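Remarks on the structure that follows.
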Amino acid sequence: MRITQGCFSFLPDLTDEQITSQVQYCLDKGWAVNIEFTDDPHPRNTFWEMWGLPMFDLRDAAGIMKELADCRRVYGDRYIRICAFDSSHGWESVRISFIVNRPQHEGGFRLDRQEAAGRNIRYATRAYAADRPEGERYQS
Amino acid sequence: MAQPSLQAVPSEASREADPSSVDLRGEFEAADIASILAQLDRELIGLVPVKTRIREIAALLLVERIRRKMSLASAYPTLHMSFTGNPGTGKTTVALRMADILHRLGFVRRGHVISVTRDDLVGQYIGHTAPKTKEILKKAMGGVLFIDEAYYLYRPENERDYGQEAIEILLQVMESQREDLVVILAGYGDRMERFFRSNPGFRSRVAHHVDFPDYNDAELLAIAELMLAEQNYRLSAEAREAFVRYIALRKTRPLFSNARSIRNALDRIRLRQANRLVSHLDRVLTSNDLMAIEANDVLASRVFSGGSDVPAKLP
């Protein structure tokens with residue numbers, strides 16, 4: 001199941017050219033762009049790991065695309081996203097984030113139902129990938 | 001540079017339709033390099049060989065751009081440069097202009113200049129250098145990376161110096177990301193020569209070597225007058241005569257650094273002028289008084305009393 005988190009996730013995967021122009025848009029706005037990756041696709045997983053440091057004071061997307069290529073080389077089997085942080089007063093938060101790399105096979109989620117007291121039902125979603133230990137989840 | 005004799009048949013319609021002919025003048029004016037070159041002529045005094053060289057480079061880039069349009073050029077041209085010359089000869093200023101030219105011709109995408117020295121590239125402990133150099137390179141992407149006193153990167157006397165690591169990363173990026181950034185190395189002529197000799201990788205990757213000559217006395221005077229005019233000051237006739245003597249004397253003193261020494265001298269002269277004006281409080285000043293620099297403001301310099309104008313070092 002294709003996961004849909006962040007911007008553009010209902011669109012077909014962005015090409016490198018499209019990613020470059022999105023990143024350039026962020027830089028032109030003065031946002032600090034960083035690259036994050038994870039192998040836990042659960043939507044409530046907000047703690048993605050950062051690839052290197054956030055990149056401040058960049059003018060051109062080429063530097064970030066270089067880092068993205070490096071990140072793909074190492075973690076090409078995981079989810080990679082690009083986030084842009086707006087430090088201006090009143091925002092001080094991530095303004096945009098979009099997925100730029102996905103595992104080849106996305107396993108999807110299992111829905112667990114638990115019957116609780118008074119015929120209540122509790123639901124839980126588990127990624128099938130999360131059954132395997134971290135770091136091995138998308139290795140074939 | 002762009003002589004109309006080379007001009008192809010300039011028909012608006014045919015230019016759009018047929019990429020096998022290009023209106024050279026149109027291209028030249030579209031890129032608007034002429035105004036930059038004129039500005040260079042106006043604002044930089046002397047430096048004739050440098051200006052000639054920049055015109056040549058600009059012409060080459062213009063032609064290269066047209067060749068790319070006609071898909072005659074396949075490889076991206078190597079644009080890395082080395083600027084050699086004594087301190088204060090205008091290397092940084094020319095680098096800024098060069099970035100502008102490259103930007104207008106579309107050879108760099110943003111046209112900004114990141115000016116760095118060894119300290120910005122080389123780390124202080126193992127594993128510090130690579131991220132530091134890469135960060136600077138990322139900042140310079142799309143623009144020009146200006147490395148001042150580049151020979152300090154290479155310290156042959158210490159074989160474990162981290163400068164070598166920075167050099168390797170630089171060389172790699174200079175080769176593989178030629179379309180993303182242009183590197184300009186700057187420094188004194190003889191030391192740069194030694195630097196290139198011990199790092200042949202650099203020499204082969206640097207396409208343009210530009211040598212900045214020292215200024216002669218007349219040029220230094222013209223520079224001084226230009227600097228003063230920009231700040232709405234002017235030399236009186238006697239003051240100019242005194243300044244001519246000042247230049248001749250200052251050149252023989254140690255640590256003379258061309259236009260930079262002149263700028264510092266002018267700062268001190270302005271200080272003495274202000275002091276002179278303030279010492280007579282009971283009078284009405286005109287704008288002429290505020291603008292005029294008198295001979296005494298110049299002659300009070302320590303250079304005339306046999307000392308150096310640089311403050312003496314503490315024991």
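By convention here, the chains of the structure tokens are called A, B, ... in the order presented, each chain's residues are numbered starting at 1, and ligands are numbered starting at 1 in the order presented.
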Near chain A, 7 Å: chain B residue rows, closest pairs, only C-alpha atoms, as a tab-separated table:
residue	atom	partner	partner_atom	distance
B:Lys138	CA	A:Gly63	CA	4.4
B:Lys139	CA	A:Leu58	CA	4.6
B:Met141	CA	A:Asp60	CA	5.7
B:Gly142	CA	A:Asp60	CA	5.3
B:Asp180	CA	A:Ala62	CA	6.7
Atoms kept (N, CA and C atoms) for selection, written as a PDB file, in the first residue's frame:
ATOM      1  N   LYS B 138      28.358  23.437  -0.622  1.00  0.00           N
ATOM      2  CA  LYS B 138      26.913  23.466  -0.824  1.00  0.00           C
ATOM      3  C   LYS B 138      26.413  24.906  -0.854  1.00  0.00           C
ATOM      4  N   LYS B 139      26.999  25.734   0.018  1.00  0.00           N
ATOM      5  CA  LYS B 139      26.577  27.140   0.034  1.00  0.00           C
ATOM      6  C   LYS B 139      26.942  27.836  -1.265  1.00  0.00           C
ATOM      7  N   MET B 141      27.129  26.464  -4.216  1.00  0.00           N
ATOM      8  CA  MET B 141      26.482  25.886  -5.405  1.00  0.00           C
ATOM      9  C   MET B 141      25.640  26.946  -6.111  1.00  0.00           C
ATOM     10  N   GLY B 142      25.729  26.971  -7.423  1.00  0.00           N
ATOM     11  CA  GLY B 142      24.967  27.952  -8.181  1.00  0.00           C
ATOM     12  C   GLY B 142      25.651  29.292  -8.253  1.00  0.00           C
ATOM     13  N   ASP B 180      27.662  23.306 -11.630  1.00  0.00           N
ATOM     14  CA  ASP B 180      27.003  23.849 -10.449  1.00  0.00           C
ATOM     15  C   ASP B 180      27.778  24.981  -9.789  1.00  0.00           C
TER      16      ASP B 180
END
| request: Within range 23-270 of chain B, find each residue whose DSSP state, derived from the backbone, is strand (DSSP E), and express the selection as number ranges by chain. | output: B: 81-85, 113-116, 144-148, 182-187, 208-212, 234-235
DSSP on the backbone: what in range 219-305 of chain B comes out alpha helix (DSSP H), as a PyMOL selection string? chain B and resi 219-230+237-252+258-279+287-291+295-299
Quick one: residues within 10 Å of Leu79 in chain B, only C-alpha atoms, excluding same-chain residues fewer than 2 positions away - as a JSON list (two decimals) with C-alpha atoms, in the first residue's frame?
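Saved the output as around_20.json:
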[["chain", "number", "residue", "atom", "x", "y", "z"],
["B", 57, "ILE", "CA", 36.78, 35.23, -21.20],
["B", 61, "LEU", "CA", 31.60, 32.47, -22.84],
["B", 76, "TYR", "CA", 30.50, 21.95, -20.33],
["B", 77, "PRO", "CA", 33.43, 24.38, -20.39],
["B", 81, "MET", "CA", 40.05, 30.44, -12.52],
["B", 82, "SER", "CA", 43.08, 31.52, -10.60],
["B", 102, "LEU", "CA", 28.98, 34.32, -15.49],
["B", 107, "PHE", "CA", 27.02, 29.74, -16.67],
["B", 108, "VAL", "CA", 26.15, 29.97, -12.98],
["B", 174, "MET", "CA", 35.43, 20.95, -9.29],
["B", 178, "ARG", "CA", 31.38, 21.84, -13.05],
["B", 179, "GLU", "CA", 27.96, 23.12, -14.04],
["B", 181, "LEU", "CA", 29.81, 26.07, -9.28],
["B", 182, "VAL", "CA", 32.88, 27.97, -10.39],
["B", 183, "VAL", "CA", 35.94, 28.05, -8.15],
["B", 184, "ILE", "CA", 38.27, 31.04, -8.19],
["B", 205, "ARG", "CA", 41.30, 21.90, -13.59],
["B", 206, "VAL", "CA", 41.87, 25.64, -13.65],
["B", 207, "ALA", "CA", 41.26, 26.95, -17.13],
["B", 208, "HIS", "CA", 41.99, 30.65, -16.75]]
Discussion item. Residues near Thr84 in chain B, anyone? I mean within 8 Å using only C-alpha atoms, not counting same-chain ones fewer than 3 positions away, as a PyMOL selection string.
Written reply: chain B and resi 91+186-189+192+209-212
Keeping only N, CA and C atoms, write the selected residues to a file as a CSV table (one decimal), in the first residue's frame.
chain,number,residue,atom,x,y,z
B,91,LYS,N,41.6,41.7,-6.6
B,91,LYS,CA,41.2,40.4,-7.0
B,91,LYS,C,39.8,40.1,-6.6
B,186,ALA,N,42.7,32.5,-5.4
B,186,ALA,CA,43.4,33.8,-5.4
B,186,ALA,C,44.6,33.7,-4.5
B,187,GLY,N,45.6,34.5,-4.8
B,187,GLY,CA,46.8,34.6,-3.9
B,187,GLY,C,48.0,35.3,-4.6
B,188,TYR,N,49.0,35.4,-3.8
B,188,TYR,CA,50.3,35.9,-4.4
B,188,TYR,C,50.8,35.0,-5.5
B,189,GLY,N,51.4,35.7,-6.5
B,189,GLY,CA,51.8,35.0,-7.7
B,189,GLY,C,52.8,33.8,-7.4
B,192,MET,N,51.3,30.9,-5.3
B,192,MET,CA,50.3,30.2,-6.1
B,192,MET,C,51.0,29.2,-7.1
B,209,HIS,N,44.1,31.5,-16.0
B,209,HIS,CA,45.0,32.1,-15.0
B,209,HIS,C,45.1,33.6,-15.3
B,210,VAL,N,44.7,34.4,-14.4
B,210,VAL,CA,44.8,35.9,-14.6
B,210,VAL,C,45.7,36.5,-13.6
B,211,ASP,N,46.7,37.3,-14.1
B,211,ASP,CA,47.7,37.9,-13.3
B,211,ASP,C,47.4,39.3,-13.1
B,212,PHE,N,47.3,39.8,-11.8
B,212,PHE,CA,47.0,41.2,-11.5
B,212,PHE,C,48.3,41.9,-11.3
Need to verify the contact set: Ala166 in chain B, 7 Å, only C-alpha atoms, exclusion of same-chain residues closer than 5 positions in sequence. Can you return it as an mmCIF file with C-alpha atoms, in the first residue's frame?
data_model
loop_
_atom_site.group_PDB
_atom_site.id
_atom_site.type_symbol
_atom_site.label_atom_id
_atom_site.label_comp_id
_atom_site.auth_asym_id
_atom_site.auth_seq_id
_atom_site.Cartn_x
_atom_site.Cartn_y
_atom_site.Cartn_z
ATOM 1 C CA LEU B 121 37.440 24.861 4.704
ATOM 2 C CA VAL B 122 39.848 23.010 6.954
ATOM 3 C CA THR B 129 37.291 18.831 7.543
ATOM 4 C CA ALA B 130 35.034 16.910 5.162
ATOM 5 C CA THR B 133 34.346 21.764 3.219
#
| Any idea what's packed within 7 Å of range 47-49 of chain A, counting only C-alpha atoms, ignoring anything in its chain fewer than 6 positions away? Could you give it as a list in words? | Glu36, Phe37 and Thr38 of chain A
For range 57-137 of chain B versus range 218-239 of chain B, which residues have an atom no more than 12 Å away, and what is each residue's nearest atom pair and distance in Å rounded to one decimal, using only C-alpha atoms, chain-then-number order, as a tab-separated table?
residue	atom	partner	partner_atom	distance
B:Gly88	CA	B:Leu220	CA	10.9
B:Thr89	CA	B:Leu220	CA	10.4
B:Gly90	CA	B:Ile223	CA	11.3
Q | Counting only C-alpha atoms, the residue of B:Leu137, B:Leu185, B:Ile126, B:Ala38 that sits nearest Ile101 in chain B | A |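 Comparing B:Leu137, B:Leu185, B:Ile126, B:Ala38 against Ile101 in chain B, the winner is B:Ala38.
The spacing separating CA of Ala95 in chain B from CA of Leu145 in chain B amounts to 9.3 Å.
Neighbouring residues of range 8-18 of chain A at 10 Å or closer, counting only C-alpha atoms and skipping chain neighbours under 5 positions away, are Arg2, Ile3, Val23, Gln24, Met65, Leu68, Ala69, Ser97, Phe98, Ile99, Val100, Asn101 and Arg102 of chain A.
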